[in-house]
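Engineer: Once you've had a glance at the structure underneath, I'll fire off some questions.
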Amino acid sequence: MFTSKVPVESVEKIQDNIFILKVYSPEIAKAIKPGQFCNIKVSETDYPLLRRPFSISDVEGDFISFMFNKHGEGTRILSEKNKDDIIDILAPLGNGFNYNDDFDIAVMVGGGLGAAPFPFLTREIKNKKIITLIGGRSKNDVTDWGMQNIYFSTDDGSIGFHGNVVELLKSKMSEFTGSEIKIFACGPTPMLKALQKFTIDNNIKCEISTECAMACGFGICQGCPIDSREQGKDKYYLVCKDGPVFDAEAIVL
């Protein structure tokens with residue numbers, strides 16, 4: 001884990017309210033894995049007080065990228081960064097996806113900006129077919145940045161499948177007959193809960209990246225507990241330290 005003050009390379013608005021922040025950090029780029037995250041201090045002033053957790057969206061050489069929506073003061077500050085501005089990053093944090101086990105097809109399932117870790121995961125998965133399913137409220141809430149073989153779903157039907165992304169997955173299951181699939185998912189908790197039930201009921205390998213408010217980002221504050229599914233024990237995990245990626249069968253959402 002490093003605390004680094006890194007220069008901004010660029011901030012790109014890729015659509016209506018979605019931005020890509022790219023920074024130069026050889027140290028972090030060499031250490032980070034898909035599914036891990038960084039805690040970013042968005043400003044050197046006293047506000048916002050706490051660091052903000054951001055998934056690593058991609059790594060290209062010595063550059064790392066973050067995908068985010070502008071929806072509050074912290075992300076507004078990030079969206080207005082200029083080249084060579086300095087930001088303070090704590091990374092790498094948490095545990096990432098396990099994409100080296102036995103499967104034929106990687107199916108990435110994202111809700112909205114839950115798609116953020118998929119470009120890096122897509123880059124790192126080798127010799128496997130990749131299918132990407134991204135859902136959102138409307139076409140303004142989904143993106144194809146850095147991903148492959150993408151199918152969209154929207155609640156309002158403005159692009160792709162008319163419905164949610166778990167329903168889209170169910171509609172495509174017949175296409176995977178005869179293949180071993182593994183699902184990699186990230187998104188809001190209601191989506192992950194529905195996906196968790198579907199994959200457990202159907203004995204499908206699935207790893208989910210959970211979302212949670214965090215303070216320290218590495219387990220000291222105990223502020224991000226998530227219940228374990230282990231029977232007979234009063235046990236919980238910490239999203240920041242034990243996750244954010246968990247096997248779907250390991251946790252209670």
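The way I read the labels, and the way they are meant: chains A, B, ... in the order of the structure tokens, residue 1 as the first residue of every chain, and ligand 1 as the first ligand shown, with later ones counted on from there.
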Neighbours of region 110-120 of chain A within 9 Å (only C-alpha atoms; same-chain residues fewer than 6 positions away dropped), as a compact mmCIF listing (two decimals) with N, CA and C atoms, in the first residue's frame?
Structural biologist:
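So selection05.txt came out as:
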```txt
# COMPACT_ATOMS: atom_id res chain seq x y z
N ILE A 18 -20.44 11.54 -17.20
CA ILE A 18 -19.46 10.51 -16.88
C ILE A 18 -18.07 11.00 -17.29
N LYS A 33 -4.41 -4.50 -9.07
CA LYS A 33 -5.06 -5.60 -9.78
C LYS A 33 -6.53 -5.26 -10.03
N PRO A 34 -7.13 -5.82 -11.08
CA PRO A 34 -8.54 -5.53 -11.36
C PRO A 34 -9.44 -5.85 -10.18
N GLY A 35 -10.30 -4.90 -9.85
CA GLY A 35 -11.21 -5.05 -8.74
C GLY A 35 -10.75 -4.36 -7.48
N GLN A 36 -9.46 -4.04 -7.39
CA GLN A 36 -8.98 -3.26 -6.25
C GLN A 36 -9.38 -1.79 -6.44
N PHE A 37 -9.15 -1.01 -5.38
CA PHE A 37 -9.56 0.39 -5.46
C PHE A 37 -8.50 1.29 -4.83
N PHE A 54 -12.45 4.91 -5.07
CA PHE A 54 -12.72 4.81 -6.50
C PHE A 54 -12.12 3.51 -7.04
N SER A 55 -12.92 2.77 -7.80
CA SER A 55 -12.40 1.60 -8.49
C SER A 55 -11.35 2.02 -9.51
N ILE A 56 -10.35 1.17 -9.68
CA ILE A 56 -9.43 1.37 -10.80
C ILE A 56 -10.14 0.94 -12.07
N SER A 57 -10.28 1.87 -13.02
CA SER A 57 -10.97 1.53 -14.27
C SER A 57 -10.04 0.93 -15.31
N ASP A 58 -8.81 1.42 -15.36
CA ASP A 58 -7.88 0.88 -16.35
C ASP A 58 -6.46 1.23 -15.96
N VAL A 59 -5.54 0.44 -16.48
CA VAL A 59 -4.11 0.69 -16.33
C VAL A 59 -3.46 0.55 -17.70
N GLU A 60 -2.80 1.59 -18.14
CA GLU A 60 -2.07 1.58 -19.41
C GLU A 60 -0.65 2.05 -19.13
N PHE A 66 -9.64 6.41 -13.64
CA PHE A 66 -10.82 6.25 -12.80
C PHE A 66 -12.04 6.76 -13.56
N MET A 67 -13.14 6.04 -13.49
CA MET A 67 -14.40 6.45 -14.09
C MET A 67 -15.34 6.90 -12.98
N PHE A 68 -16.00 8.05 -13.16
CA PHE A 68 -16.90 8.52 -12.10
C PHE A 68 -18.00 9.41 -12.66
N ASN A 69 -19.11 9.45 -11.93
CA ASN A 69 -20.18 10.42 -12.16
C ASN A 69 -19.92 11.66 -11.33
N THR A 132 -20.14 -8.54 -22.06
CA THR A 132 -20.35 -7.47 -21.09
C THR A 132 -21.80 -7.01 -21.14
N LEU A 133 -22.45 -7.03 -19.99
CA LEU A 133 -23.84 -6.59 -19.87
C LEU A 133 -23.89 -5.40 -18.93
N ILE A 134 -24.37 -4.27 -19.44
CA ILE A 134 -24.39 -3.04 -18.65
C ILE A 134 -25.82 -2.50 -18.62
N GLY A 135 -26.32 -2.24 -17.41
CA GLY A 135 -27.67 -1.72 -17.27
C GLY A 135 -27.70 -0.36 -16.60
N GLY A 136 -28.77 0.39 -16.87
CA GLY A 136 -28.96 1.70 -16.25
C GLY A 136 -30.39 2.16 -16.39
N ARG A 137 -30.69 3.30 -15.81
CA ARG A 137 -32.05 3.84 -15.92
C ARG A 137 -32.37 4.24 -17.35
N ASP A 141 -27.09 6.74 -18.65
CA ASP A 141 -26.49 6.14 -17.45
C ASP A 141 -25.59 4.95 -17.76
N VAL A 142 -25.36 4.67 -19.04
CA VAL A 142 -24.53 3.52 -19.41
C VAL A 142 -23.40 3.98 -20.33
N THR A 143 -22.31 3.23 -20.32
CA THR A 143 -21.16 3.57 -21.16
C THR A 143 -20.51 2.31 -21.67
N ASP A 144 -19.84 2.42 -22.82
CA ASP A 144 -19.10 1.28 -23.39
C ASP A 144 -17.59 1.49 -23.32
N TRP A 145 -17.14 2.50 -22.55
CA TRP A 145 -15.73 2.87 -22.53
C TRP A 145 -14.86 1.70 -22.07
N GLY A 146 -13.94 1.28 -22.93
CA GLY A 146 -12.94 0.28 -22.58
C GLY A 146 -13.42 -1.14 -22.46
N MET A 147 -14.63 -1.45 -22.94
CA MET A 147 -15.19 -2.79 -22.77
C MET A 147 -15.43 -3.48 -24.11
N GLN A 148 -15.73 -4.77 -24.07
CA GLN A 148 -15.90 -5.58 -25.28
C GLN A 148 -17.26 -6.27 -25.29
N ASN A 164 -34.09 -4.61 -16.57
CA ASN A 164 -32.85 -4.46 -15.82
C ASN A 164 -31.80 -5.45 -16.28
N VAL A 165 -30.58 -5.27 -15.79
CA VAL A 165 -29.46 -6.03 -16.33
C VAL A 165 -29.50 -7.50 -15.90
N PHE A 184 -18.67 -11.75 -13.33
CA PHE A 184 -17.98 -10.72 -12.56
C PHE A 184 -18.91 -9.52 -12.52
N ALA A 185 -19.29 -9.08 -11.32
CA ALA A 185 -20.34 -8.08 -11.23
C ALA A 185 -19.97 -6.93 -10.31
N CYS A 186 -20.53 -5.77 -10.63
CA CYS A 186 -20.36 -4.58 -9.80
C CYS A 186 -21.54 -3.66 -10.05
N GLY A 187 -22.07 -3.09 -8.98
CA GLY A 187 -23.21 -2.20 -9.14
C GLY A 187 -23.91 -1.96 -7.83
N PRO A 188 -25.09 -1.36 -7.87
CA PRO A 188 -25.83 -1.06 -6.64
C PRO A 188 -26.30 -2.35 -5.95
N MET A 191 -29.27 -4.60 -7.27
CA MET A 191 -28.88 -5.37 -8.45
C MET A 191 -28.05 -6.58 -8.06
N LEU A 192 -27.06 -6.35 -7.18
CA LEU A 192 -26.19 -7.44 -6.77
C LEU A 192 -26.96 -8.50 -5.99
N SER A 209 -18.42 -7.25 -6.74
CA SER A 209 -17.72 -6.14 -6.12
C SER A 209 -18.75 -5.27 -5.44
N GLU A 211 -20.44 -2.27 -2.93
CA GLU A 211 -20.32 -0.83 -2.71
C GLU A 211 -20.64 -0.51 -1.26
```
Engineer: Can you tell me, as a list of chain:residue names, what residues are no more than 9 Å from region 77-81 of chain A when counting only C-alpha atoms, ignoring any on the same chain fewer than 6 positions away?
Structural biologist: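 The residues that qualify are A:Val8, A:Ser10, A:Val11, A:Glu12, A:Lys13, A:Phe19, A:Ile20, A:Leu21, A:Val42, A:Ser43, A:Phe68, A:Asn69, A:Lys70.
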Engineer: Under the rule that only C-alpha atoms are counted, which of A:Ser179, A:Thr189, A:Thr154, A:Ser174 is the nearest residue to Phe103 (chain A)?
Structural biologist: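 Of A:Ser179, A:Thr189, A:Thr154, A:Ser174, the one nearest Phe103 (chain A) is A:Ser179, counting only C-alpha atoms.
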Engineer: Please identify the alpha helix (DSSP H) residues within region 121-201 of chain A (assignment by DSSP from backbone atoms) and present them as JSON, numbers by chain.
Structural biologist: {"A": [121, 122, 123, 124, 165, 166, 167, 168, 169, 170, 171, 172, 189, 190, 191, 192, 193, 194, 195, 196, 197, 198, 199, 200, 201]}
Engineer: Select, from A:Asn202, A:Gly94, A:Gly74, A:Ile64, the residue with the minimum atom-to-atom distance to Asp242 (chain A), counting only C-alpha atoms.
Structural biologist: A:Gly94
Engineer: Env of Cys206 (chain A): 6 Å cut, atoms = only C-alpha atoms, seq-sep filter 4 positions within chain, self excluded. Answer as a ChimeraX atom specification.
Structural biologist: /A:182-184,248
Engineer: Among region 14-229 of chain A, which residues does DSSP mark as strand (DSSP E) when it is run on the backbone? Keep the chain and numbering as in the structure and answer as a PyMOL selection string.
Structural biologist: chain A and resi 14-15+18-24+37-41+52-55+58-60+63-69+86-93+105-111+129-136+150-154+161-162+181-186+205-209+225-227
Engineer: Compare A:Ile131, A:Ile159, A:Ala106, A:Leu93 by their minimum atom-to-atom distance to Asn39 (chain A), counting only C-alpha atoms, and give me the closest one.
Structural biologist: A:Leu93
Engineer: Quick one: residues within 9 Å of Asp104 (chain A), only C-alpha atoms counted, chain neighbours fewer than 4 positions away excluded, as an mmCIF file with N, CA and C atoms, in the first residue's frame?
Structural biologist:
```
data_model
loop_
_atom_site.group_PDB
_atom_site.id
_atom_site.type_symbol
_atom_site.label_atom_id
_atom_site.label_comp_id
_atom_site.auth_asym_id
_atom_site.auth_seq_id
_atom_site.Cartn_x
_atom_site.Cartn_y
_atom_site.Cartn_z
ATOM 1 N N ASN A 127 -7.225 -15.109 -23.292
ATOM 2 C CA ASN A 127 -7.644 -16.396 -23.865
ATOM 3 C C ASN A 127 -9.010 -16.855 -23.369
ATOM 4 N N LYS A 128 -9.880 -15.917 -23.069
ATOM 5 C CA LYS A 128 -11.263 -16.222 -22.693
ATOM 6 C C LYS A 128 -12.196 -15.329 -23.502
ATOM 7 N N LYS A 129 -13.358 -15.852 -23.814
ATOM 8 C CA LYS A 129 -14.378 -15.015 -24.426
ATOM 9 C C LYS A 129 -14.960 -14.100 -23.357
ATOM 10 N N ILE A 130 -15.242 -12.864 -23.728
ATOM 11 C CA ILE A 130 -15.798 -11.882 -22.785
ATOM 12 C C ILE A 130 -17.122 -11.354 -23.315
ATOM 13 N N SER A 179 -21.047 -24.211 -22.179
ATOM 14 C CA SER A 179 -19.835 -23.486 -21.784
ATOM 15 C C SER A 179 -19.848 -23.237 -20.289
ATOM 16 N N GLU A 180 -18.662 -23.202 -19.697
ATOM 17 C CA GLU A 180 -18.515 -22.846 -18.285
ATOM 18 C C GLU A 180 -18.369 -21.332 -18.200
ATOM 19 N N ILE A 181 -19.326 -20.679 -17.549
ATOM 20 C CA ILE A 181 -19.253 -19.227 -17.449
ATOM 21 C C ILE A 181 -18.890 -18.822 -16.023
ATOM 22 N N LYS A 182 -18.299 -17.655 -15.918
ATOM 23 C CA LYS A 182 -18.086 -17.037 -14.610
ATOM 24 C C LYS A 182 -18.522 -15.590 -14.711
#
```
